[in-house]
Amino acid sequence: MSKRNYILLALYAILATLFFYVRGCDCEWLICRRFVAIPTLFATLATAINSKRGGWLIPLALLASAAGDWAGAMGEFIFQIAFFAVAHIFYIADFAPKCRFTRHRTLTLVLFSAIVLPFLGYVMLHIANNVELIAVGIYGLIIYSMGFTALIQNRRHSIFYAIAALLFIFSDSCIAYNKFVENIPNANTWIMTTYYTAQGIFCALHLMRESRK
């Protein structure tokens, strides 16, 4: 990976770290209240630079994620889910062509499904609002599919795609559990640390691509 890409990743890490400082500030400026979207938007720009070598799907996924971050900061839960659903569809489109089934991957998927799907069902049992129930159900299946395709890819650094996908799912699981089931101590720290790490890994993997193939 080039020196430029290392610099881009370092800047992303700085912005992600800075979010936790800005979050703790008593600041009413618009940029402060919506800063949560800045690191992901920067990752969008960083990967867009590499689009000729790595394709546009991951930059588009990051852009949709940044829109989801912004919607979440505004308290628009349904729009937040919608934007992140679009992001995961872009991730799925990037991962799916590289998917290959093997015995080991099949066993991994069985374990993954045995954890994620019952958890989704458990959370949905606690959702009283029908609109939110439908939205969470659809979104849950989409992010499950993102994890599914990430886990069975046959490409360079496939283990890191899987780790990033699982971190993303863990982050969203914390959001859902904290919102609908029970408060999680230091929930925002767990949510944002795993989320920014996942997006940072996806960004790094895209920057390491040598071609669209």
# chains A, B, ... in the order shown; residues from 1 in each chain; ligands from 1
>>> select_by_dssp(residues="stretch 3-191 of chain A", states="helix (DSSP H, G or I)", output="PyMOL selection string")
chain A and resi 3-23+30-33+35-49+51-54+57-73+77-98+103-124+130-151+158-180+187-191
>>> closest_residue(among="A:Leu133, A:Ile38, A:Ile58, A:Ala114", to="A:Cys203", atoms="only C-alpha atoms")
A:Ile58
>>> residues_around(residues="A:Val36", least_positions_apart="4", cutoff="12 Å", atoms="only C-alpha atoms", output="PyMOL selection string")
chain A and resi 15-23+30-32+40-42+65-74+188+191-193+195-196
>>> write_last_selection(atoms="N, CA, C and O atoms", output="short mmCIF file (atom, residue, chain, number, x, y, z; two decimals), in the first residue's frame")
data_model
loop_
_atom_site.label_atom_id
_atom_site.label_comp_id
_atom_site.auth_asym_id
_atom_site.auth_seq_id
_atom_site.Cartn_x
_atom_site.Cartn_y
_atom_site.Cartn_z
N LEU A 15 -9.78 11.33 12.77
CA LEU A 15 -11.15 11.85 12.76
C LEU A 15 -12.08 10.98 13.61
O LEU A 15 -12.93 11.50 14.35
N ALA A 16 -11.92 9.66 13.52
CA ALA A 16 -12.75 8.76 14.33
C ALA A 16 -12.48 8.96 15.81
O ALA A 16 -13.41 8.95 16.63
N THR A 17 -11.22 9.16 16.17
CA THR A 17 -10.87 9.41 17.57
C THR A 17 -11.40 10.76 18.02
O THR A 17 -11.90 10.91 19.14
N LEU A 18 -11.32 11.75 17.13
CA LEU A 18 -11.78 13.09 17.45
C LEU A 18 -13.29 13.11 17.74
O LEU A 18 -13.76 13.94 18.53
N PHE A 19 -14.02 12.21 17.12
CA PHE A 19 -15.46 12.14 17.38
C PHE A 19 -15.76 12.00 18.86
O PHE A 19 -16.69 12.63 19.39
N PHE A 20 -14.99 11.17 19.55
CA PHE A 20 -15.25 10.94 20.97
C PHE A 20 -14.97 12.19 21.80
O PHE A 20 -15.61 12.41 22.83
N TYR A 21 -14.04 13.03 21.34
CA TYR A 21 -13.79 14.31 22.00
C TYR A 21 -14.94 15.27 21.73
O TYR A 21 -15.46 15.91 22.65
N VAL A 22 -15.34 15.37 20.47
CA VAL A 22 -16.42 16.29 20.09
C VAL A 22 -17.71 15.89 20.77
O VAL A 22 -18.49 16.74 21.23
N ARG A 23 -17.95 14.58 20.88
CA ARG A 23 -19.17 14.09 21.51
C ARG A 23 -19.28 14.59 22.95
O ARG A 23 -20.38 14.87 23.44
N LEU A 30 -23.43 23.27 14.32
CA LEU A 30 -23.96 22.19 13.50
C LEU A 30 -22.91 21.13 13.21
O LEU A 30 -23.17 19.93 13.29
N ILE A 31 -21.67 21.57 12.91
CA ILE A 31 -20.61 20.62 12.58
C ILE A 31 -20.28 19.73 13.77
O ILE A 31 -19.91 18.57 13.62
N CYS A 32 -20.42 20.27 14.98
CA CYS A 32 -20.15 19.46 16.18
C CYS A 32 -21.26 18.44 16.40
O CYS A 32 -20.98 17.27 16.69
N THR A 40 -16.71 8.85 8.35
CA THR A 40 -17.18 7.97 7.28
C THR A 40 -17.20 8.70 5.95
O THR A 40 -16.91 8.11 4.90
N LEU A 41 -17.54 9.98 5.97
CA LEU A 41 -17.50 10.76 4.74
C LEU A 41 -16.07 10.88 4.23
O LEU A 41 -15.82 10.79 3.02
N PHE A 42 -15.12 11.04 5.14
CA PHE A 42 -13.71 11.08 4.73
C PHE A 42 -13.30 9.74 4.12
O PHE A 42 -12.58 9.71 3.11
N SER A 65 -23.49 5.12 4.27
CA SER A 65 -23.30 5.03 5.71
C SER A 65 -23.17 6.41 6.34
O SER A 65 -23.71 6.67 7.43
N ALA A 66 -22.43 7.31 5.67
CA ALA A 66 -22.30 8.67 6.19
C ALA A 66 -23.66 9.35 6.25
O ALA A 66 -23.96 10.08 7.21
N ALA A 67 -24.50 9.10 5.25
CA ALA A 67 -25.86 9.65 5.28
C ALA A 67 -26.65 9.05 6.45
O ALA A 67 -27.43 9.75 7.11
N GLY A 68 -26.43 7.76 6.71
CA GLY A 68 -27.07 7.14 7.85
C GLY A 68 -26.60 7.71 9.17
O GLY A 68 -27.39 7.90 10.11
N ASP A 69 -25.30 8.01 9.26
CA ASP A 69 -24.76 8.65 10.46
C ASP A 69 -25.44 10.00 10.70
O ASP A 69 -25.81 10.35 11.82
N TRP A 70 -25.57 10.76 9.62
CA TRP A 70 -26.19 12.08 9.72
C TRP A 70 -27.65 11.96 10.16
O TRP A 70 -28.10 12.70 11.05
N ALA A 71 -28.38 11.03 9.56
CA ALA A 71 -29.78 10.84 9.93
C ALA A 71 -29.91 10.41 11.39
O ALA A 71 -30.80 10.87 12.12
N GLY A 72 -29.01 9.54 11.83
CA GLY A 72 -29.04 9.11 13.22
C GLY A 72 -28.77 10.26 14.17
O GLY A 72 -29.41 10.37 15.24
N ALA A 73 -27.84 11.15 13.81
CA ALA A 73 -27.54 12.31 14.64
C ALA A 73 -28.73 13.25 14.73
O ALA A 73 -28.90 13.97 15.72
N MET A 74 -29.59 13.24 13.71
CA MET A 74 -30.79 14.07 13.70
C MET A 74 -31.96 13.39 14.39
O MET A 74 -33.05 13.96 14.47
N ASN A 188 -22.81 3.91 23.69
CA ASN A 188 -22.32 4.67 22.54
C ASN A 188 -20.85 4.38 22.25
O ASN A 188 -20.42 4.37 21.09
N ILE A 191 -20.77 1.02 20.53
CA ILE A 191 -21.36 1.14 19.19
C ILE A 191 -20.40 1.83 18.22
O ILE A 191 -20.13 1.33 17.12
N MET A 192 -19.89 2.98 18.62
CA MET A 192 -19.09 3.77 17.69
C MET A 192 -17.67 3.23 17.51
O MET A 192 -17.11 3.34 16.43
N THR A 193 -17.11 2.64 18.56
CA THR A 193 -15.77 2.06 18.42
C THR A 193 -15.77 0.92 17.41
O THR A 193 -14.92 0.86 16.51
N TYR A 195 -18.10 0.34 15.15
CA TYR A 195 -18.56 0.84 13.85
C TYR A 195 -17.42 1.50 13.08
O TYR A 195 -17.17 1.18 11.90
N TYR A 196 -16.71 2.42 13.72
CA TYR A 196 -15.61 3.09 13.03
C TYR A 196 -14.49 2.12 12.68
O TYR A 196 -13.83 2.26 11.64
#
>>> closest_residue(among="A:Phe160, A:Phe170, A:Phe148, A:Phe77", to="A:Ala96", atoms="only C-alpha atoms")
A:Phe148
>>> atom_distance(atom1="atom CA of A:Ser51", atom2="atom CA of A:Ile169")
25.2 Å
>>> atom_distance(atom1="atom CA of A:His88", atom2="atom CA of A:Met146")
5.9 Å
>>> residues_around(residues="A:Phe180", least_positions_apart="2", cutoff="7 Å", atoms="only C-alpha atoms", output="VMD selection string")
chain A and resid 123 126 to 127 176 to 178 182
>>> write_last_selection(atoms="N, CA and C atoms", output="compact mmCIF listing (two decimals), in the first residue's frame")
# COMPACT_ATOMS: atom_id res chain seq x y z
N VAL A 123 -34.95 -9.39 19.51
CA VAL A 123 -35.11 -7.93 19.52
C VAL A 123 -36.47 -7.53 18.98
N HIS A 126 -39.51 -7.22 21.14
CA HIS A 126 -39.58 -6.09 22.06
C HIS A 126 -39.94 -4.79 21.36
N ILE A 127 -40.25 -4.84 20.07
CA ILE A 127 -40.57 -3.62 19.32
C ILE A 127 -42.08 -3.48 19.23
N ALA A 176 -29.65 -1.84 18.47
CA ALA A 176 -30.99 -2.43 18.57
C ALA A 176 -31.30 -2.86 20.00
N TYR A 177 -30.36 -3.54 20.64
CA TYR A 177 -30.59 -4.02 22.01
C TYR A 177 -30.76 -2.85 22.96
N ASN A 178 -29.92 -1.84 22.79
CA ASN A 178 -29.97 -0.66 23.67
C ASN A 178 -31.27 0.12 23.49
N GLU A 182 -32.89 -3.27 26.42
CA GLU A 182 -32.37 -2.83 27.72
C GLU A 182 -31.15 -1.95 27.50
>>> atom_distance(atom1="atom CA of A:Pro59", atom2="atom CA of A:Ala43")
7.7 Å
>>> residues_around(residues="stretch 140-143 of chain A", least_positions_apart="6", cutoff="10 Å", atoms="only C-alpha atoms", output="number ranges by chain")
A: 81, 84-89, 91-92, 116-117, 119-121, 124, 134, 149, 165-166, 168-169, 172-173, 176
>>> closest_residue(among="A:Leu11, A:Leu151, A:Leu45, A:Leu167", to="A:Leu107", atoms="only C-alpha atoms")
A:Leu151
>>> closest_residue(among="A:Leu8, A:Ala162, A:Ala93, A:Ile138", to="A:Ala204", atoms="only C-alpha atoms")
A:Leu8
>>> residues_around(residues="A:Arg105", least_positions_apart="2", cutoff="12 Å", atoms="only C-alpha atoms", output="MDAnalysis selection string")
chainID A and resid 99:103 107:112 148:154 158:159 162
>>> closest_residue(among="A:Lys98, A:Trp190, A:Leu207, A:Pro118", to="A:Tyr6", atoms="only C-alpha atoms")
A:Leu207
>>> closest_residue(among="A:Ser145, A:Arg34, A:Phe202, A:Asn5", to="A:His157", atoms="only C-alpha atoms")
A:Phe202
